[in-house]
Amino acid sequence: MRVRHCLILAAGLSLLSAVPALADPPGTGQPGEYRPVRGPSAPAEHRFLQKAMRGETIPRHAHDIAAQEAAKLPVVGARWQSLGPTNIGGRIVSLALDPQRADTVYAAAASGGLWRSTDAGRTFAPAWPDSWTQAMGAVAAAHDGTLYVGTGEPNPGGGSVTYEGTGIYRSTDGARTWQNIGLRDSGTIGGIAVDRTDPKRLLVAANGSLYSPGGDRGVYLSADGGTTWRRVLDVANEFTGAVDVQIDPANPKRVYAVLWDHRRTPVKRTYGGEGSGVFRSEDGGLTWRRLGGGLPAAGPDVGRIGIGVATSEPGRVYAIVTSTAGPFASFHTSADAGTTWTRLPEPDVLRTSQSSFGWWFGKIWVDPDDARQVHVAGVPLLTTKDGGGTWTADGTTIHVDQHAMIWDPRRPGRVYLGNDGGVYRSDADGLGGWVKAEHEPYTQFYSAAITPQDTSRISGGTQDNGSLRSWNGEAFNEYLGGDGEENLINPRDKQNVFACYQYGNCFRSADGGDTMTYFAPATTSDRRNWFTPVQFDPSDPKVLYYGGNRLNRSADGGVTWTPISPDLSGGPGQDTYPFGTITTVAAAPSDPRTIWAGTDDGRVWITRDLGATWTKVLDGQPWVTRIAVSDHDAATAYVTLSGYRSGSDQPHVLVTRSAGARWSDVSGNLPSAPVNDVLLGRAGLIYLATDQGVFVGHTAIRGHWVRLGHGMPRVAVDDIEYDPRNHRLVAATFGRGLYTTAVP
């Protein structure tokens, strides 16, 4: 039997190795429509609870441990090729300018690695190894051209996952090669400040893990370019981190730092506390004092603070304070380097700029030539030209959610901006005239949709960039707003498309998405997941299924809907899962009366009579991400499960060949990371999308998996789509856009 299995696997893998390389929502305002809210609060608790085990947090170093496990597995198959989008972009958390090369800009993408532009921000190319962590926190350049990168995103999101990193890295050859130089246990990096008089002297704001206490936290100083480190500013407690550090441009001995209490548990988030505050050093970072004099005193309601230091007016500093709950709290300025502070006027345009999630921003930028011209990060970009007396907001000419800004000293008036939509450039001191980068392929995708009718047609749902489409090879464009979720293209009619934004607000179209009809109110459910599943019946695409907490069925292409199940969940709030919703649905290709469904509270159900009766065949599992049913046997199904494990042997992939009467764990040698999707291909091959890329196995050899294809960056893959007619697989990555590879 062992010989037979080896022959079957060899045959399957040889097949793989032989393959050549290859605006606003239109429905806004319709009755009953939920209006989409952009930004980190939109995912609510969805992504964190999906990735964590029930009642637990995400274990320390979980992502990196799983990545190391994945790297040990062999790779088979054709090379992955990027499909873009190149014109959309994604969240940028930090920017740096090359001091030795004009018009060279470095942009750190939240979960997409480091990128370099040599044409003043028009196009970006990778400047970071694909095989290393893609989670970025900060980038900085010394005056001798040495580059420093801090990994792990410091902006924590509402309930979303922001991946942790693996410390600080240095490049001395223009980002061609990199070396890890320490602080591996820092979790996330909030900022890097390099002494302009000494390129080997730098300070790092180690922000720590959002999920686990301790580790490298506080401000660290290196006097030898990162060879050795010492902590010079300690933290108040095990969940306090340093989220920013800045050297005064008028006095390199004066350094400012911001500490921030923040943590995420299975039941709540606390983004503020006693440890939050602003600190100053007058001896280059060796000793520190907490600043008061008008800033909020230490207390449980002090949230994230952002500071900006003036170049042209020594001693001028600005600070924005948010509350632990998230909204704006106060805005201050100091004329004596932070010893005393004056609270400035707080008009509505300033207060509302932080929405309910000021912890997503925490940044102030002061024009180096004018200490009274100040920009504040918020949902829009806030600007004052009179030192905080009056404010204007730009939320229309640029994408929302601002995170990074830098002035180019070689080009008077030139400013670069990074936000959730990518990189922008202004040649008017940031007072308008913003031009978006043209090539920046680091979009965060949740889903993809393809059709065998037309290989040039593709769509997908993205974080904060809506549902995107590209027809006939044209540039991607947004055809439904919000956070893009489920996308579908009718396999028999490519003009018939479906798209959703959060909480099951779904639309259908008969003209490729030019006009959209809102159909969510026609469905019946008490609760809908942030990512609500919508699926075609594989036997007849006029039949669709929509999962709230009840399963709904449409037999007329999504016009009318009928509930065909009771509540399939355990109800909201059970076992720390607040949703109680269906997360996946799969109709059997060989028997349209057999339907499988999975829930966020770990239940799997089957009906053999089109919903008249339901049988629960699994319970007590982690979040069920996907179910795939055999083309030939409605009783055979694969179930994938999410969750980073902490010493648990609980499976990530289960299979039944008895309609759920018996189950086998086929996780085998998979890395200990969430499995997000499963597809059953031809020749007995099984494809898995995980937080560590795409894997392939064979139905005849349980639990033996290999990585699929070279060229896939080390990034989470949330969704995969299979086109057997054209022998291709498409992967939706969370940080590097869409990828495709040829399969047998």
# chains A, B, ... in the order shown; residues from 1 in each chain; ligands from 1

$ residues_around --residues "Glu56 (chain A)" --least-positions-apart "6" --cutoff "10 Å" --atoms "only C-alpha atoms" --output "MDAnalysis selection string"
chainID A and resid 49 211 265:267 576 643:646

$ residues_around --residues "Ile406 (chain A)" --least-positions-apart "6" --cutoff "7 Å" --atoms "only C-alpha atoms" --output "ChimeraX atom specification"
/A:95,415-417

$ residues_around --residues "Ser658 (chain A)" --least-positions-apart "4" --cutoff "7 Å" --atoms "only C-alpha atoms" --output "VMD selection string"
chain A and resid 635 to 636 662

$ atom_distance --atom1 "CA of Glu69 (chain A)" --atom2 "CA of Asn207 (chain A)"
25.9 Å

$ closest_residue --among "A:Leu203, A:Ala107, A:Leu618, A:Ala142" --to "Pro126 (chain A)" --atoms "only C-alpha atoms"
A:Ala107

$ atom_distance --atom1 "CA of Leu568 (chain A)" --atom2 "CA of Thr532 (chain A)"
14.1 Å

$ residues_around --residues "Gln179 (chain A)" --least-positions-apart "5" --cutoff "12 Å" --atoms "only C-alpha atoms" --output "ChimeraX atom specification"
/A:128-129,132,146-150,166-173,225-227

$ write_last_selection --atoms "all heavy atoms" --output "compact mmCIF listing (two decimals), in the first residue's frame"
# COMPACT_ATOMS: atom_id res chain seq x y z
N TRP A 128 12.29 44.20 -1.03
CA TRP A 128 12.29 43.34 0.16
C TRP A 128 12.14 41.89 -0.29
O TRP A 128 11.40 41.61 -1.24
CB TRP A 128 11.12 43.74 1.07
CG TRP A 128 11.06 43.05 2.38
CD1 TRP A 128 10.22 42.06 2.77
CD2 TRP A 128 11.87 43.33 3.53
NE1 TRP A 128 10.46 41.69 4.06
CE2 TRP A 128 11.47 42.47 4.56
CE3 TRP A 128 12.90 44.25 3.78
CZ2 TRP A 128 12.05 42.47 5.82
CZ3 TRP A 128 13.49 44.25 5.03
CH2 TRP A 128 13.07 43.38 6.04
N PRO A 129 12.80 40.95 0.37
CA PRO A 129 12.69 39.54 -0.05
C PRO A 129 11.26 39.01 0.09
O PRO A 129 10.62 39.18 1.13
CB PRO A 129 13.64 38.82 0.91
CG PRO A 129 14.59 39.87 1.40
CD PRO A 129 13.79 41.13 1.46
N TRP A 132 10.58 36.56 3.12
CA TRP A 132 10.61 37.03 4.51
C TRP A 132 9.25 37.59 4.88
O TRP A 132 8.37 37.77 4.04
CB TRP A 132 11.68 38.10 4.68
CG TRP A 132 13.08 37.59 4.54
CD1 TRP A 132 13.48 36.33 4.17
CD2 TRP A 132 14.28 38.34 4.74
NE1 TRP A 132 14.84 36.25 4.15
CE2 TRP A 132 15.38 37.47 4.50
CE3 TRP A 132 14.55 39.65 5.12
CZ2 TRP A 132 16.70 37.88 4.61
CZ3 TRP A 132 15.88 40.05 5.23
CH2 TRP A 132 16.93 39.17 4.99
N THR A 146 22.35 54.17 4.42
CA THR A 146 21.95 52.95 5.11
C THR A 146 20.45 52.99 5.38
O THR A 146 19.91 54.01 5.84
CB THR A 146 22.71 52.80 6.44
OG1 THR A 146 24.11 52.75 6.17
CG2 THR A 146 22.29 51.53 7.16
N LEU A 147 19.78 51.88 5.10
CA LEU A 147 18.35 51.77 5.31
C LEU A 147 18.07 50.88 6.51
O LEU A 147 18.74 49.85 6.71
CB LEU A 147 17.66 51.19 4.08
CG LEU A 147 17.69 52.04 2.81
CD1 LEU A 147 17.22 51.22 1.62
CD2 LEU A 147 16.81 53.27 2.97
N TYR A 148 17.07 51.27 7.27
CA TYR A 148 16.61 50.46 8.40
C TYR A 148 15.12 50.20 8.25
O TYR A 148 14.35 51.11 7.91
CB TYR A 148 16.88 51.17 9.72
CG TYR A 148 18.35 51.40 10.02
CD1 TYR A 148 18.96 52.61 9.69
CD2 TYR A 148 19.12 50.40 10.60
CE1 TYR A 148 20.31 52.83 9.96
CE2 TYR A 148 20.47 50.61 10.87
CZ TYR A 148 21.06 51.82 10.54
OH TYR A 148 22.40 52.02 10.80
N VAL A 149 14.71 48.97 8.50
CA VAL A 149 13.30 48.59 8.44
C VAL A 149 12.92 47.89 9.73
O VAL A 149 13.63 47.00 10.21
CB VAL A 149 13.01 47.67 7.24
CG1 VAL A 149 11.69 46.93 7.42
CG2 VAL A 149 12.97 48.47 5.95
N GLY A 150 11.80 48.32 10.30
CA GLY A 150 11.22 47.64 11.45
C GLY A 150 9.99 46.88 11.00
O GLY A 150 9.10 47.45 10.35
N THR A 166 9.53 40.33 12.72
CA THR A 166 10.67 39.56 13.21
C THR A 166 11.85 40.46 13.54
O THR A 166 13.00 40.05 13.44
CB THR A 166 11.08 38.50 12.18
OG1 THR A 166 11.27 39.14 10.90
CG2 THR A 166 10.02 37.43 12.03
N GLY A 167 11.58 41.72 13.92
CA GLY A 167 12.65 42.59 14.39
C GLY A 167 13.06 43.66 13.41
O GLY A 167 12.29 44.07 12.53
N ILE A 168 14.33 44.12 13.56
CA ILE A 168 14.88 45.23 12.79
C ILE A 168 15.86 44.68 11.74
O ILE A 168 16.62 43.75 12.01
CB ILE A 168 15.64 46.21 13.71
CG1 ILE A 168 14.71 46.74 14.81
CG2 ILE A 168 16.22 47.38 12.91
CD1 ILE A 168 13.64 47.66 14.32
N TYR A 169 15.84 45.31 10.57
CA TYR A 169 16.72 44.90 9.47
C TYR A 169 17.48 46.12 8.95
O TYR A 169 17.00 47.25 9.03
CB TYR A 169 15.91 44.27 8.34
CG TYR A 169 15.28 42.94 8.73
CD1 TYR A 169 14.13 42.90 9.51
CD2 TYR A 169 15.85 41.74 8.33
CE1 TYR A 169 13.55 41.70 9.88
CE2 TYR A 169 15.27 40.53 8.68
CZ TYR A 169 14.13 40.51 9.46
OH TYR A 169 13.57 39.31 9.83
N ARG A 170 18.66 45.83 8.36
CA ARG A 170 19.53 46.90 7.84
C ARG A 170 20.01 46.52 6.45
O ARG A 170 20.31 45.36 6.16
CB ARG A 170 20.73 47.08 8.76
CG ARG A 170 21.73 48.15 8.31
CD ARG A 170 22.92 48.20 9.26
NE ARG A 170 23.68 46.94 9.25
CZ ARG A 170 24.35 46.46 10.30
NH1 ARG A 170 24.36 47.11 11.44
NH2 ARG A 170 25.01 45.32 10.20
N SER A 171 20.08 47.53 5.57
CA SER A 171 20.66 47.36 4.24
C SER A 171 21.67 48.47 3.99
O SER A 171 21.37 49.65 4.24
CB SER A 171 19.59 47.40 3.15
OG SER A 171 20.18 47.37 1.86
N THR A 172 22.84 48.11 3.52
CA THR A 172 23.88 49.10 3.20
C THR A 172 24.14 49.19 1.70
O THR A 172 25.09 49.84 1.28
CB THR A 172 25.19 48.74 3.93
OG1 THR A 172 25.60 47.42 3.54
CG2 THR A 172 25.00 48.81 5.43
N ASP A 173 23.29 48.53 0.90
CA ASP A 173 23.50 48.53 -0.55
C ASP A 173 22.23 48.89 -1.31
O ASP A 173 21.93 48.32 -2.35
CB ASP A 173 24.04 47.17 -1.01
CG ASP A 173 23.14 46.01 -0.60
OD1 ASP A 173 22.02 46.25 -0.11
OD2 ASP A 173 23.57 44.85 -0.78
N GLY A 225 25.04 51.04 14.62
CA GLY A 225 24.29 50.62 13.44
C GLY A 225 23.46 49.37 13.65
O GLY A 225 23.11 48.70 12.68
N GLY A 226 23.12 49.07 14.89
CA GLY A 226 22.26 47.92 15.15
C GLY A 226 22.98 46.66 15.56
O GLY A 226 22.34 45.63 15.78
N THR A 227 24.30 46.72 15.69
CA THR A 227 25.04 45.53 16.14
C THR A 227 24.68 45.19 17.58
O THR A 227 24.49 44.02 17.94
CB THR A 227 26.55 45.75 16.00
OG1 THR A 227 26.84 46.03 14.63
CG2 THR A 227 27.32 44.51 16.44

$ closest_residue --among "A:Arg217, A:Arg47, A:Asp677, A:Gly182" --to "Thr162 (chain A)" --atoms "only C-alpha atoms"
A:Arg47

$ select_by_dssp --residues "region 158-404 of chain A" --states "strand (DSSP E or B)" --output "PyMOL selection string"
chain A and resi 164-171+179-182+189-194+202-206+218-222+230-233+240-247+255-261+263-264+269-270+277-281+289-290+293+295+302-309+317-323+328-334+342-343+364-366+374-377+381-384+392-394+402-404

$ atom_distance --atom1 "CA of Tyr638 (chain A)" --atom2 "CA of Asn490 (chain A)"
23.7 Å
